[in-house]
$ cat start_20.tsv   # TSV, C-alpha atoms
chain	number	residue	atom	x	y	z
A	298	MET	CA	34.96	68.64	-5.28
A	299	LYS	CA	36.99	66.67	-7.80
A	300	THR	CA	35.54	63.53	-9.33
A	301	LYS	CA	37.33	60.43	-10.51
A	302	VAL	CA	36.02	57.29	-12.19
A	303	THR	CA	38.19	54.19	-12.27
A	304	LYS	CA	37.34	51.06	-14.21
A	305	ILE	CA	37.83	47.90	-12.18
A	306	GLU	CA	37.83	44.16	-12.82
A	307	ARG	CA	34.59	42.15	-12.59
A	308	ASN	CA	35.69	40.26	-9.47
A	309	LYS	CA	36.08	43.49	-7.45
A	310	PRO	CA	33.12	45.24	-5.79
A	311	GLU	CA	31.84	48.48	-7.32
A	312	MET	CA	32.12	51.34	-4.87
A	313	VAL	CA	31.54	55.06	-4.55
A	314	GLU	CA	34.08	56.52	-2.17
A	315	ILE	CA	34.00	60.12	-1.01
A	316	HIS	CA	37.06	61.83	0.41
A	317	CYS	CA	35.97	64.91	2.31
A	318	TYR	CA	37.08	67.26	5.09
A	319	SER	CA	33.74	66.86	6.89
A	320	VAL	CA	30.41	65.11	6.29
A	321	SER	CA	28.50	68.15	5.07
A	322	ASP	CA	24.92	68.38	3.77
A	323	GLU	CA	26.33	68.18	0.27
A	324	VAL	CA	28.07	64.89	1.08
A	325	ASN	CA	24.88	63.52	2.67
A	326	GLU	CA	22.97	64.53	-0.44
A	327	ILE	CA	25.38	62.60	-2.65
A	328	LEU	CA	25.13	59.58	-0.34
A	329	ALA	CA	21.33	59.74	-0.41
A	330	PHE	CA	21.40	59.90	-4.20
A	331	VAL	CA	23.71	56.91	-4.52
A	332	LYS	CA	21.52	54.92	-2.13
A	333	SER	CA	18.35	55.95	-3.93
A	334	ARG	CA	19.76	54.54	-7.16
A	335	GLN	CA	19.66	51.15	-5.47
A	336	GLY	CA	15.94	51.51	-4.67
A	337	GLN	CA	14.01	52.99	-1.80
A	338	LEU	CA	10.77	52.78	0.13
A	339	THR	CA	8.68	55.45	1.81
A	340	GLY	CA	8.25	55.08	5.55
A	341	VAL	CA	6.64	57.10	8.32
A	342	SER	CA	8.22	57.75	11.69
A	343	ASP	CA	6.95	60.31	14.26
A	344	ASP	CA	4.48	61.66	11.67
A	345	ASN	CA	7.33	62.47	9.29
A	346	MET	CA	7.76	60.82	5.94
A	347	TYR	CA	11.15	59.44	4.93
A	348	GLU	CA	12.64	57.83	1.85
A	349	ILE	CA	14.55	54.80	3.07
A	350	ALA	CA	17.16	53.20	0.86
A	351	LEU	CA	16.64	49.46	0.45
A	352	SER	CA	20.26	48.95	1.36
A	353	ASP	CA	19.52	50.47	4.79
A	354	ILE	CA	16.61	48.14	5.57
A	355	PHE	CA	17.51	45.14	7.72
A	356	TYR	CA	14.12	43.49	7.77
A	357	ILE	CA	10.41	44.14	7.34
A	358	GLU	CA	7.88	42.93	9.87
A	359	SER	CA	4.14	42.76	10.00
A	360	VAL	CA	2.66	43.41	13.45
A	361	GLU	CA	-1.10	43.53	13.97
A	362	ASN	CA	-1.88	44.45	10.37
A	363	LYS	CA	0.76	47.15	10.29
A	364	VAL	CA	4.02	46.75	8.39
A	365	PHE	CA	7.29	48.15	9.71
A	366	LEU	CA	10.66	48.69	8.09
A	367	TYR	CA	13.61	48.17	10.42
A	368	THR	CA	16.89	49.95	9.78
A	369	LYS	CA	19.91	49.86	12.07
A	370	ASP	CA	18.60	52.54	14.42
A	371	ASN	CA	15.03	53.33	13.34
A	372	VAL	CA	11.66	51.79	12.67
A	373	TYR	CA	9.32	53.15	9.98
A	374	GLU	CA	5.75	52.24	9.21
A	375	THR	CA	4.88	51.61	5.58
A	376	LYS	CA	1.58	51.49	3.72
A	377	TYR	CA	2.54	48.37	1.79
A	378	LYS	CA	1.31	44.92	2.77
A	379	LEU	CA	3.96	42.36	3.62
A	380	TYR	CA	3.08	40.10	0.67
A	381	GLU	CA	3.35	43.12	-1.67
A	382	LEU	CA	6.82	43.93	-0.37
A	383	GLU	CA	7.78	40.26	-0.61
A	384	GLU	CA	6.93	40.30	-4.33
A	385	LEU	CA	8.33	43.77	-4.93
A	386	LEU	CA	11.68	43.08	-3.30
A	387	LYS	CA	12.25	39.49	-4.43
A	388	SER	CA	14.83	40.55	-6.97
A	389	LYS	CA	16.55	42.81	-4.44
A	390	ARG	CA	17.71	39.95	-2.23
A	391	PHE	CA	14.84	40.24	0.23
A	392	LEU	CA	13.28	36.97	1.34
A	393	ARG	CA	10.31	35.88	3.44
A	394	ILE	CA	11.63	33.91	6.42
A	395	SER	CA	8.51	33.64	8.57
A	396	LYS	CA	4.81	34.38	8.43
A	397	SER	CA	5.46	37.95	9.57
A	398	THR	CA	9.01	38.73	8.42
A	399	VAL	CA	10.87	39.53	5.21
A	400	VAL	CA	14.62	39.91	5.63
A	401	ASN	CA	17.33	41.63	3.63
A	402	LEU	CA	19.75	38.76	2.96
A	403	MET	CA	22.58	41.24	2.63
A	404	LYS	CA	22.11	42.19	6.29
A	405	ILE	CA	22.41	38.71	7.76
A	406	ASP	CA	25.69	38.11	9.54
A	407	SER	CA	25.18	34.44	10.36
A	408	ILE	CA	22.62	31.68	10.58
A	409	LYS	CA	22.35	29.63	13.76
A	410	PRO	CA	20.30	26.59	14.71
A	411	ALA	CA	17.30	27.01	16.98
A	412	LEU	CA	14.80	24.63	18.54
A	413	ASN	CA	12.27	22.75	16.46
A	414	SER	CA	13.87	22.72	13.00
A	415	ARG	CA	14.02	26.49	13.06
A	416	PHE	CA	17.04	28.69	12.44
A	417	THR	CA	17.95	32.09	13.79
A	418	ALA	CA	19.34	34.82	11.57
A	419	GLU	CA	21.77	37.11	13.35
A	420	LEU	CA	21.83	40.49	11.64
A	421	PHE	CA	24.73	42.91	11.38
A	422	SER	CA	22.81	45.13	13.82
A	423	GLY	CA	23.08	42.39	16.44
A	424	GLU	CA	19.36	41.61	16.31
A	425	GLN	CA	18.22	38.02	15.98
A	426	ILE	CA	15.18	36.98	13.97
A	427	VAL	CA	13.59	33.57	13.59
A	428	ILE	CA	13.59	31.64	10.31
A	429	THR	CA	10.67	29.26	10.61
A	430	ARG	CA	11.06	25.79	9.16
A	431	LYS	CA	8.43	26.39	6.48
A	432	TYR	CA	10.71	28.97	4.87
A	433	VAL	CA	14.03	27.13	5.32
A	434	PRO	CA	13.78	25.44	1.85
A	435	ASP	CA	13.21	28.88	0.24
A	436	LEU	CA	16.25	30.23	2.04
A	437	LYS	CA	18.38	27.33	0.82
A	438	LYS	CA	17.19	27.92	-2.75
A	439	ALA	CA	17.88	31.66	-2.52
A	440	LEU	CA	21.40	31.08	-1.23
A	441	LYS	CA	22.08	28.62	-4.02
A	442	GLY	CA	20.91	31.31	-6.45
A	443	GLU	CA	17.90	29.30	-7.65
B	32	MET	CA	5.81	20.10	8.61
B	33	THR	CA	4.28	17.62	6.18
B	34	PHE	CA	3.72	14.08	7.42
B	35	LYS	CA	6.14	12.75	4.80
B	36	ARG	CA	8.96	14.94	6.05
B	37	TYR	CA	8.11	14.11	9.65
B	38	PHE	CA	8.14	10.39	8.82
B	39	LEU	CA	11.58	10.64	7.19
B	40	MET	CA	12.87	12.49	10.24
B	41	GLN	CA	11.54	9.75	12.52
B	42	LEU	CA	13.16	7.12	10.29
B	43	GLN	CA	16.49	8.84	10.76
B	44	ILE	CA	15.91	8.87	14.54
B	45	TYR	CA	14.94	5.18	14.40
B	46	PHE	CA	18.29	4.09	12.98
B	47	LEU	CA	20.11	6.36	15.40
B	48	LEU	CA	18.20	4.71	18.27
B	49	VAL	CA	19.02	1.21	16.99
B	50	SER	CA	22.74	2.03	17.17
B	51	LEU	CA	22.48	3.59	20.62
B	52	ILE	CA	20.36	0.74	22.03
B	53	PHE	CA	22.98	-1.73	20.80
B	54	ALA	CA	25.64	0.31	22.61
B	55	VAL	CA	23.63	0.50	25.85
B	56	SER	CA	22.75	-3.23	25.67
B	57	MET	CA	26.43	-3.99	25.46
B	58	VAL	CA	27.25	-1.79	28.49
B	59	LEU	CA	24.36	-3.16	30.61
B	60	GLY	CA	25.15	-6.72	29.51
B	61	VAL	CA	28.78	-6.38	30.55
B	62	ILE	CA	27.66	-5.01	33.97
B	63	PHE	CA	24.83	-7.43	34.79
B	64	SER	CA	25.39	-10.64	32.83
B	65	PRO	CA	28.92	-10.69	31.43
B	66	ASN	CA	28.94	-14.49	31.03
B	67	GLU	CA	25.49	-14.87	29.48
B	68	PRO	CA	25.61	-16.12	25.86
B	69	VAL	CA	24.02	-13.88	23.21
B	70	TYR	CA	21.99	-15.49	20.43
B	71	TYR	CA	21.42	-14.11	16.95
B	72	SER	CA	17.69	-13.88	17.58
B	73	GLN	CA	18.41	-11.37	20.35
B	74	PHE	CA	19.78	-8.91	17.81
B	75	ARG	CA	16.26	-8.12	16.69
B	76	GLY	CA	15.60	-6.64	20.17
B	77	PRO	CA	17.11	-3.19	19.46
B	78	PHE	CA	15.20	-2.98	16.15
B	79	ILE	CA	11.87	-3.70	17.84
B	80	LEU	CA	12.63	-1.47	20.84
B	81	ALA	CA	13.72	1.43	18.62
B	82	GLY	CA	10.49	1.04	16.65
B	83	LEU	CA	8.46	1.17	19.84
B	84	CYS	CA	10.41	4.26	20.97
B	85	VAL	CA	9.71	6.06	17.72
B	86	LEU	CA	5.97	5.31	17.82
B	87	PRO	CA	5.20	7.89	20.58
B	88	SER	CA	6.70	10.56	18.30
B	89	PHE	CA	3.74	10.10	15.97
B	90	VAL	CA	1.38	10.84	18.84
B	91	THR	CA	3.06	14.23	19.22
B	92	TYR	CA	3.12	14.90	15.45
B	93	TYR	CA	2.39	18.54	14.72
B	94	LYS	CA	1.61	20.15	11.41
B	95	ASP	CA	1.57	23.68	12.76
B	96	GLU	CA	4.68	25.20	14.20
B	97	PRO	CA	4.57	25.01	18.01
B	98	SER	CA	5.99	27.62	20.32
B	99	VAL	CA	9.17	26.83	22.28
B	100	GLN	CA	7.05	26.01	25.35
B	101	GLU	CA	4.82	23.63	23.39
B	102	TYR	CA	7.92	22.09	21.84
B	103	ILE	CA	9.46	21.37	25.24
B	104	ILE	CA	6.18	19.99	26.66
B	105	ARG	CA	5.73	17.68	23.65
B	106	HIS	CA	9.25	16.34	23.99
B	107	PHE	CA	8.74	15.77	27.69
B	108	ILE	CA	5.56	13.77	26.95
B	109	GLN	CA	7.48	11.84	24.28
B	110	LEU	CA	10.25	10.96	26.75
B	111	VAL	CA	7.77	9.84	29.43
B	112	MET	CA	5.99	7.60	26.89
B	113	ILE	CA	9.26	6.06	25.71
B	114	GLU	CA	10.35	5.42	29.32
B	115	ALA	CA	7.00	3.76	30.06
B	116	ILE	CA	7.19	1.51	26.96
B	117	VAL	CA	10.79	0.45	27.57
B	118	LEU	CA	10.28	-0.26	31.27
B	119	PHE	CA	7.16	-2.27	30.44
B	120	MET	CA	8.93	-4.25	27.71
B	121	ILE	CA	12.24	-5.19	29.35
B	122	GLU	CA	12.41	-7.92	31.96
B	123	PRO	CA	15.26	-7.71	34.47
B	124	PRO	CA	17.73	-10.64	34.71
B	125	GLU	CA	17.02	-13.10	37.55
B	126	ASN	CA	19.98	-12.23	39.76
B	127	VAL	CA	19.46	-8.43	39.65
B	128	SER	CA	17.26	-6.28	41.88
B	129	ILE	CA	14.20	-5.08	39.93
B	130	MET	CA	14.42	-1.56	41.32
B	131	LEU	CA	18.11	-1.13	40.48
B	132	PHE	CA	17.53	-2.54	36.99
B	133	ARG	CA	14.57	-0.23	36.31
B	134	VAL	CA	16.50	2.83	37.54
B	135	LEU	CA	19.47	1.97	35.31
B	136	VAL	CA	17.27	1.30	32.28
B	137	GLY	CA	15.38	4.56	32.95
B	138	ILE	CA	18.65	6.50	33.10
B	139	SER	CA	19.91	4.71	29.96
B	140	VAL	CA	16.75	5.66	28.05
B	141	PHE	CA	17.13	9.26	29.20
B	142	ILE	CA	20.79	9.33	28.11
B	143	ILE	CA	19.92	7.79	24.71
B	144	TYR	CA	17.14	10.35	24.28
B	145	VAL	CA	19.45	13.25	25.10
B	146	ILE	CA	22.23	11.91	22.83
B	147	THR	CA	19.73	11.49	19.97
B	148	LYS	CA	18.52	15.07	20.35
B	149	ALA	CA	22.11	16.32	20.68
B	150	MET	CA	23.10	14.53	17.47
B	151	ILE	CA	20.15	16.04	15.61
B	152	MET	CA	21.13	19.46	16.97
B	153	LEU	CA	24.73	18.87	15.85
B	154	GLN	CA	23.47	18.03	12.37
B	155	LYS	CA	21.49	21.28	12.37
B	156	TYR	CA	24.55	23.17	13.59
B	157	LYS	CA	26.54	21.81	10.63
B	158	GLU	CA	23.71	22.79	8.30
B	159	SER	CA	23.71	26.32	9.73
B	160	ILE	CA	27.47	26.61	9.14
B	161	LYS	CA	26.93	25.55	5.52
B	162	LEU	CA	24.10	28.07	5.12
B	163	THR	CA	26.22	30.87	6.60
B	164	LYS	CA	29.04	30.00	4.19
B	165	GLN	CA	26.64	30.11	1.21
B	166	LEU	CA	25.24	33.39	2.52
B	167	LYS	CA	28.70	34.98	2.71
B	168	GLU	CA	29.48	33.83	-0.83
B	169	MET	CA	26.20	35.29	-2.07
B	170	GLN	CA	26.86	38.60	-0.25
B	171	LEU	CA	30.36	38.83	-1.74
B	172	LYS	CA	28.97	38.27	-5.23
B	173	GLU	CA	26.29	40.89	-4.76
B	174	VAL	CA	28.50	43.68	-3.41
$ encode --input "start_20.tsv" --output "structure tokens"
Amino acid sequence: MKTKVTKIERNKPEMVEIHCYSVSDEVNEILAFVKSRQGQLTGVSDDNMYEIALSDIFYIESVENKVFLYTKDNVYETKYKLYELEELLKSKRFLRISKSTVVNLMKIDSIKPALNSRFTAELFSGEQIVITRKYVPDLKKALKGE
Amino acid sequence: MTFKRYFLMQLQIYFLLVSLIFAVSMVLGVIFSPNEPVYYSQFRGPFILAGLCVLPSFVTYYKDEPSVQEYIIRHFIQLVMIEAIVLFMIEPPENVSIMLFRVLVGISVFIIYVITKAMIMLQKYKESIKLTKQLKEMQLKEV
């Protein structure tokens, strides 16, 4: 496989693009590596352990003292506590939006109003999660880059 | 929600109510007593009435976040209290049937209440559009 590195201007997004005949194991390996460079978390699903790239996580939810990582198609349990993940992922554009949820801001498609000073975040996966009013000021600050 | 924030929200609703009560007074006045003179002292009516309408909101003040069901029940209680206060406060004109007047005032209060809530919702809708725009800008920067 040939490799090519092109320098781009600051206003353009950095990107790794793979041109291949088919998505082979080798290609998946390269993709996994690129994703892992952006950070990852360990999660358990069906008794199997997985390394999940942060960029694949849509949101993290705490349910009955268990913490789950939600990707587009899967749910993984993690050993971390929600407040630990909140602290750990603060700099990675993850934000607490309710007592039980931390969301990946990069995965929110739109924000809509809901009853009682709340907002709803519609994710790129189509799922909707509630932003409770207590966390709305934090969201505003995060979006302003404060 | 802190009491300070709740108070400021109610203040906003108060001034919205003053405007709407003025509008409804004008409509009802034109229907029932179009030739009756209006004195300056009567202008304080909407201010007092709006104040009395906002008072029940403080009865339903909640620090903790209620569920959607609780939210609806609290607003229903609020509306019933406002209706009761307004109907108790306003005397019908002499030449108008009491029943008809009370029904019209009741409907007017309901309409004002719905418009107030709709305007607050519209404000939130605008806020959500602004937040979505900021979010998109942030996502573009990050990519």
$ interface_residues --input "start_20.tsv" --of "chain B" --to "chain A" --cutoff "9 Å" --atoms "only C-alpha atoms" --output "tab-separated table (two decimals) with C-alpha atoms, in the coordinates of the input"
chain	number	residue	atom	x	y	z
B	32	MET	CA	5.81	20.10	8.61
B	96	GLU	CA	4.68	25.20	14.20
B	97	PRO	CA	4.57	25.01	18.01
B	98	SER	CA	5.99	27.62	20.32
B	99	VAL	CA	9.17	26.83	22.28
B	102	TYR	CA	7.92	22.09	21.84
B	152	MET	CA	21.13	19.46	16.97
B	153	LEU	CA	24.73	18.87	15.85
B	155	LYS	CA	21.49	21.28	12.37
B	156	TYR	CA	24.55	23.17	13.59
B	157	LYS	CA	26.54	21.81	10.63
B	158	GLU	CA	23.71	22.79	8.30
B	159	SER	CA	23.71	26.32	9.73
B	160	ILE	CA	27.47	26.61	9.14
B	162	LEU	CA	24.10	28.07	5.12
B	163	THR	CA	26.22	30.87	6.60
B	164	LYS	CA	29.04	30.00	4.19
B	165	GLN	CA	26.64	30.11	1.21
B	166	LEU	CA	25.24	33.39	2.52
B	167	LYS	CA	28.70	34.98	2.71
B	168	GLU	CA	29.48	33.83	-0.83
B	169	MET	CA	26.20	35.29	-2.07
B	170	GLN	CA	26.86	38.60	-0.25
B	171	LEU	CA	30.36	38.83	-1.74
B	172	LYS	CA	28.97	38.27	-5.23
B	173	GLU	CA	26.29	40.89	-4.76
B	174	VAL	CA	28.50	43.68	-3.41
$ residues_around --input "start_20.tsv" --residues "B:Pro77" --least-positions-apart "6" --cutoff "9 Å" --atoms "all atoms listed in the file" --output "PyMOL selection string"
chain B and resi 48-53+56
$ residues_near_point --input "start_20.tsv" --point "(12.5, 15.8, 29.8)" --cutoff "12 Å" --atoms "all atoms listed in the file" --output "PDB file with C-alpha atoms, in the frame of the given file"
ATOM      1  CA  TYR B 102       7.920  22.090  21.840  1.00  0.00           C
ATOM      2  CA  ILE B 103       9.460  21.370  25.240  1.00  0.00           C
ATOM      3  CA  ILE B 104       6.180  19.990  26.660  1.00  0.00           C
ATOM      4  CA  ARG B 105       5.730  17.680  23.650  1.00  0.00           C
ATOM      5  CA  HIS B 106       9.250  16.340  23.990  1.00  0.00           C
ATOM      6  CA  PHE B 107       8.740  15.770  27.690  1.00  0.00           C
ATOM      7  CA  ILE B 108       5.560  13.770  26.950  1.00  0.00           C
ATOM      8  CA  GLN B 109       7.480  11.840  24.280  1.00  0.00           C
ATOM      9  CA  LEU B 110      10.250  10.960  26.750  1.00  0.00           C
ATOM     10  CA  VAL B 111       7.770   9.840  29.430  1.00  0.00           C
ATOM     11  CA  MET B 112       5.990   7.600  26.890  1.00  0.00           C
ATOM     12  CA  ILE B 113       9.260   6.060  25.710  1.00  0.00           C
ATOM     13  CA  GLU B 114      10.350   5.420  29.320  1.00  0.00           C
ATOM     14  CA  ILE B 138      18.650   6.500  33.100  1.00  0.00           C
ATOM     15  CA  VAL B 140      16.750   5.660  28.050  1.00  0.00           C
ATOM     16  CA  PHE B 141      17.130   9.260  29.200  1.00  0.00           C
ATOM     17  CA  ILE B 142      20.790   9.330  28.110  1.00  0.00           C
ATOM     18  CA  TYR B 144      17.140  10.350  24.280  1.00  0.00           C
ATOM     19  CA  VAL B 145      19.450  13.250  25.100  1.00  0.00           C
ATOM     20  CA  LYS B 148      18.520  15.070  20.350  1.00  0.00           C
TER      21      LYS B 148
END
$ atom_distance --input "start_20.tsv" --atom1 "atom CA of A:Ile428" --atom2 "atom CA of A:Ser395"
5.7 Å
$ closest_residue --input "start_20.tsv" --among "B:Leu59, B:Ala115, B:Ala54, B:Ile79" --to "B:Val127" --atoms "only C-alpha atoms"
B:Leu59
$ closest_residue --input "start_20.tsv" --among "A:Val399, A:Ile426, A:Ile394, A:Cys317" --to "A:Ile354" --atoms "only C-alpha atoms"
A:Val399
$ atom_distance --input "start_20.tsv" --atom1 "atom CA of A:Asn345" --atom2 "atom CA of A:Leu386"
23.5 Å
$ atom_distance --input "start_20.tsv" --atom1 "atom CA of B:Val61" --atom2 "atom CA of B:Gly82"
24.1 Å
$ residues_near_point --input "start_20.tsv" --point "(15.6, 52.6, 10.9)" --cutoff "9 Å" --atoms "all atoms listed in the file" --output "list in words"
Ile349, Asp353, Ile354, Phe355, Leu366, Tyr367, Thr368, Lys369, Asp370, Asn371, Val372 and Tyr373 of chain A
$ residues_around --input "start_20.tsv" --residues "stretch 322-334 of chain A" --least-positions-apart "6" --cutoff "9 Å" --atoms "only C-alpha atoms" --output "ChimeraX atom specification"
/A:313,315,348-353
$ residues_around --input "start_20.tsv" --residues "A:Lys363" --least-positions-apart "6" --cutoff "10 Å" --atoms "all atoms listed in the file" --output "list in words"
Glu374, Thr375, Lys376, Tyr377, Lys378 and Leu379 of chain A
$ axis_aligned_box --input "start_20.tsv" --around "stretch 360-369 of chain A" --padding-each-side "4 Å" --output "lines of an AutoDock Vina configuration file"
center_x = 9.0
center_y = 46.7
center_z = 11.0
size_x = 29.8
size_y = 14.5
size_z = 13.9
